[in-house]
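S.K.: For reference, the structure I am asking about is given below.
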Amino acid sequence: MEICEASLILADEVSTIRFGERLGSALSTGDLVCLEGPLGAGKSCLARAAVRSWASDPALDVPSPTYTIVQVYERHDGASVWHTDLYRISDPSECIELGLDEALSQSAVLVEWPDRLDPSIAAGATAQMWITIEPAEEPDARKLTLRANSGWADRFESLTSDS
């Protein structure tokens with residue numbers, strides 16, 4: 001499996017939002033995007049920007065799914081994206097109960113806390129990307145490390161360029 005890799009430094013929250021917007025514009029059915037990082041790293045901020053961009057609705061209400069675990073968003077064309085936060089999941093089998101395996105056949109799926117994800121779900125994704133978000137040297141900056149399989153190859157450069 002071909003792997004695309006890149007590291008980016010995002011100067012502030014605005015840069016994180018811009019990256020999320022590029023990610024949202026690139027999402028397709030069958031994509032699995034796993035967002036890793038400590039509490040407060042910016043995973044929800046990035047996911048929120050991606051969902052709003054994907055939906056072409058900058059005012060869309062995108063609450064954190066910390067308590068609901070899954071939030072599903074649909075566009076007028078019938079496409080959907082699932083935003084999940086698995087922080088409260090205690091066993092990976094719960095991901096199957098949530099329907100995440102089936103979601104990948106008809107949606108893009110954004111997962112916060114993917115260390116709790118059932119491995120069989122990740123294996124079923126057409127395109128997988130793992131994004132690690134961590135604090136950088138500057139106070140508001142974040143370092144993103146992206147790893148993606150070949151399903152992202154034709155879209156990867158659009159994510160990592162500054163244009």
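Each chain in the structure tokens gets a letter, A, B and so on, in the order shown; residues start at 1 in every chain, and ligands are counted from 1 in the order they appear.
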Check region 72-160 of chain A with DSSP on the backbone and list each residue it calls strand (DSSP E), as a ChimeraX atom specification.

M.R.: /A:72-74,80-85,107-112,127-135,142-149

S.K.: Just to confirm, what's the straight-line distance from CA of Arg18 (chain A) to CA of Val109 (chain A) in Å (one decimal)?

M.R.: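 Here the two named atoms are 19.2 Å from each other.
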
S.K.: May I ask for the distance between CA of Ile121 (chain A) and CA of Ser161 (chain A), given in Å to one decimal place?

M.R.: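 For CA of Ile121 (chain A) relative to CA of Ser161 (chain A), the distance reads 29.3 Å.
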
S.K.: Do a neighbour search on Gln106 (chain A) at 10 Å with only C-alpha atoms, toss out local chain neighbours closer than 2 positions, and write the hits as number ranges by chain.

M.R.: A: 28-31, 78-81, 101-104, 108-109

S.K.: Please indicate the distance in Å from CA of Trp113 (chain A) to CA of Glu138 (chain A), rounded to one decimal place.

M.R.: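 Spanning CA of Trp113 (chain A) to CA of Glu138 (chain A) is a straight-line distance of 24.3 Å.
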
S.K.: Apply DSSP to the backbone of this structure and, from chain A, keep only the residues in helix (DSSP H, G or I); write these as a VMD selection string.

M.R.: chain A and resid 13 to 26 43 to 55 93 to 98 100 to 103 114 to 116 119 to 123 150 to 160

S.K.: I want to know what sits within 12 Å of region 8-14 of chain A, based on only C-alpha atoms, with residues of the same chain fewer than 3 positions away left out; could you give that as a PyMOL selection string?

M.R.: chain A and resi 5+17-21+40-46+48-49+131-147+159-162

S.K.: Can you list, as a list in words, every protein, DNA or RNA residue that comes within 8 Å of region 62-76 of chain A when you count only C-alpha atoms, leaving out same-chain residues fewer than 6 positions away?

M.R.: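 Skipping anything fewer than 6 positions along the chain leaves Ser44, Arg48, Val51, Arg52, Ala55, Trp82, His83, Thr84, Asp85, Leu86, Tyr87, Arg88 and Leu98 of chain A.
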
S.K.: Let me see the file: selected residues, C-alpha atoms, as a short mmCIF file (atom, residue, chain, number, x, y, z; two decimals), in the first residue's frame.

M.R.:
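Wrote it out as part13.cif, contents follow:
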```cif
data_model
loop_
_atom_site.label_atom_id
_atom_site.label_comp_id
_atom_site.auth_asym_id
_atom_site.auth_seq_id
_atom_site.Cartn_x
_atom_site.Cartn_y
_atom_site.Cartn_z
CA SER A 44 -12.74 19.36 16.90
CA ARG A 48 -15.79 21.44 12.36
CA VAL A 51 -17.70 19.55 7.84
CA ARG A 52 -18.68 23.16 7.12
CA ALA A 55 -21.42 21.12 3.29
CA TRP A 82 -20.15 11.33 9.91
CA HIS A 83 -18.22 13.15 12.65
CA THR A 84 -17.46 10.84 15.55
CA ASP A 85 -15.73 11.27 18.88
CA LEU A 86 -14.79 7.90 20.37
CA TYR A 87 -13.36 9.29 23.61
CA ARG A 88 -16.19 7.70 25.63
CA LEU A 98 -22.76 2.63 16.12
#
```

S.K.: Leaving out Gly151 (chain A) and any residue of its chain fewer than 6 positions from it, which residues lie within 8 Å of it when counting only C-alpha atoms, given as a PyMOL selection string?

M.R.: chain A and resi 126-128
